[in-house]
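Chemist: The structure that follows is given in the form of structure tokens.
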Amino acid sequence: MPIANNVKLGSGVVIHYPELVNLYGCTIGNETTIGPFIEIQRGVQIGARCKISSHSFLCEGLTLQDDVFIGHGVMFINDIEPSAAAEGRRAGPEDWVVVPTSVKQGASIGSGAVIMGGVTIGARALIGAGAVVTRDVVDNGVVAGVPARLLRTRT
């Protein structure tokens, strides 16, 4: 089942193609819209009135406050030192630590952006399409590039 029984959906949540998502153990706030081909992992907290566009990956450890926009194909990272094996065996959950990431109220993240674990994206910040965010973004900050750099602040 694409939407697990342990998903908490607020009132008025719109999931355009429920058969084309993978949602488990997450909480989605009121009036949020979820596009197709989305994975939202356990423990993810999504606020009210957010929009999550198609082909995006929201991993464990992520919190989105209210009114956040996520463009198409946005990837969040929660492991800053990934590994397939540990001490001669396949790596398991005991071999990694979730690095939390936070996106504050009203922030917008452009299509194709990659958000590294452990960063905070400030309120009403704007992340340019294709940016790789490796450090915190200030409230109202506009960033773009690889790695993302502050271009200006919004008024």
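By convention here, the chains of the structure tokens are called A, B, ... in the order presented, each chain's residues are numbered starting at 1, and ligands are numbered starting at 1 in the order presented.
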Restrict the calculation to only C-alpha atoms, then for each residue of stretch 81-137 of chain A with any atom at most 10 Å from an atom of stretch 42-57 of chain A give the closest atom pair and their distance in Å to one decimal, rows by chain and rising residue number, as a Markdown table.

Modeler:
```
| residue | atom | partner | partner_atom | distance |
| --- | --- | --- | --- | --- |
| A:Pro100 | CA | A:Val44 | CA | 9.8 |
| A:Thr101 | CA | A:Val44 | CA | 9.9 |
| A:Ser102 | CA | A:Gln45 | CA | 9.6 |
| A:Val103 | CA | A:Ile46 | CA | 9.5 |
| A:Lys104 | CA | A:Gly47 | CA | 9.7 |
| A:Gln105 | CA | A:Gly47 | CA | 8.6 |
| A:Gly106 | CA | A:Cys50 | CA | 8.5 |
| A:Ala107 | CA | A:Cys50 | CA | 9.7 |
| A:Ser108 | CA | A:Lys51 | CA | 9.5 |
| A:Ile109 | CA | A:Ile52 | CA | 9.8 |
| A:Gly110 | CA | A:Ser53 | CA | 9.9 |
| A:Ser111 | CA | A:Ser53 | CA | 8.5 |
| A:Gly112 | CA | A:Ser56 | CA | 8.5 |
| A:Ala113 | CA | A:Ser56 | CA | 9.7 |
| A:Val114 | CA | A:Phe57 | CA | 9.8 |
```

Chemist: Please identify all polymer residues within 12 Å of A:Glu94, counting only C-alpha atoms, omitting same-chain residues fewer than 6 positions from it, and present them as a JSON list (two decimals) with C-alpha atoms, in the first residue's frame.

Modeler:
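Final file, out09.json:
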```json
[["chain", "number", "residue", "atom", "x", "y", "z"],
["A", 83, "SER", "CA", 28.43, 3.82, 3.59],
["A", 85, "ALA", "CA", 29.36, -1.61, 4.49],
["A", 86, "ALA", "CA", 30.76, -1.39, 8.00]]
```

Chemist: I need the residue nearest A:Ile77 from this list: A:Val98, A:Val13, A:Leu126, A:Ile34. Use only C-alpha atoms for the distance.

Modeler: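 Between A:Val98, A:Val13, A:Leu126, A:Ile34, the residue approaching A:Ile77 most closely is A:Val98.
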
Chemist: Using only C-alpha atoms, can you tell me which of A:Thr134, A:Leu64, A:Asp79, A:Thr155 comes closest to A:Pro93?

Modeler: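 Nearest candidate to A:Pro93 out of A:Thr134, A:Leu64, A:Asp79, A:Thr155: A:Asp79.
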
Chemist: Determine which residues of stretch 12-139 of chain A receive a DSSP assignment of helix (DSSP H, G or I), computed from the backbone, and state them as a PyMOL selection string.

Modeler: chain A and resi 18-20+93-95

Chemist: Just to confirm, what's the straight-line distance from atom CA of A:Val132 to atom CA of A:Gly145 in Å (one decimal)?

Modeler: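 It comes out at 6.6 Å.
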
Chemist: For A:Asn140, which residue out of A:Thr27, A:Arg154, A:Ile127, A:Phe69 is the nearest one, using only C-alpha atoms?

Modeler: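 Of all the options, A:Arg154 lies closest to A:Asn140.
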
Chemist: With a distance cut-off of 8 Å and only C-alpha atoms, select the neighbouring residues of stretch 7-11 of chain A, excluding the residue or stretch itself and same-chain residues fewer than 5 positions from it, and output the selection as a list in words.

Modeler: Leu23, Tyr24, Gly25, Cys26, Thr27, Ile28, Gly29, Asn30 and Glu31 of chain A

Chemist: For C-alpha atoms, I'd like the residues from the last selection saved as a CSV table (one decimal), in the first residue's frame.

Modeler:
```csv
chain,number,residue,atom,x,y,z
A,23,LEU,CA,4.4,7.6,2.5
A,24,TYR,CA,5.1,5.9,5.8
A,25,GLY,CA,5.3,7.0,9.5
A,26,CYS,CA,5.1,10.7,8.6
A,27,THR,CA,2.8,13.5,9.6
A,28,ILE,CA,1.3,15.8,7.0
A,29,GLY,CA,-0.5,19.0,8.0
A,30,ASN,CA,-3.8,20.5,7.0
A,31,GLU,CA,-4.4,21.5,3.4
```

Chemist: Quick one: pull the distance between atom CA of A:Pro36 and atom CA of A:Val68, Å, one decimal.

Modeler: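 About the pair atom CA of A:Pro36 and atom CA of A:Val68: they are 17.3 Å apart.
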
Chemist: Using the chain letters and numbers from this document, which residues of stretch 40-91 of chain A does DSSP assign to strand (DSSP E or B), as a list of chain:residue names?

Modeler: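 Strand (DSSP E or B) assignments inside stretch 40-91 of chain A correspond to A:Ile40, A:Gln45, A:Ile46, A:Lys51, A:Ile52, A:Phe57, A:Leu58, A:Leu62, A:Thr63, A:Leu64, A:Phe69, A:Ile70, A:Met75, A:Phe76, A:Ala85, A:Ala86, A:Arg89, A:Arg90.
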
Chemist: Pick out the closest residue to A:Asp95 from this set: A:Gln65, A:Pro82, A:Ala129, A:Met75. Count only C-alpha atoms.

Modeler: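 For A:Asp95, the nearest of the given residues is A:Pro82.
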
Chemist: Report the distance between atom CA of A:Met116 and atom CA of A:Glu60 in Å, rounded to one decimal place.

Modeler: 12.6 Å

Chemist: With only C-alpha atoms as the basis for distance, which of A:Ala91, A:Ile15, A:Ile38, A:Val119 is at the shortest distance from A:Gly73?

Modeler: A:Ile38

Chemist: Given only C-alpha atoms as the basis, pick out the residue of A:Asp67, A:Ile3, A:Gly61, A:Asp136 nearest to A:Val97.

Modeler: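 Of A:Asp67, A:Ile3, A:Gly61, A:Asp136, the one nearest A:Val97 is A:Gly61, counting only C-alpha atoms.
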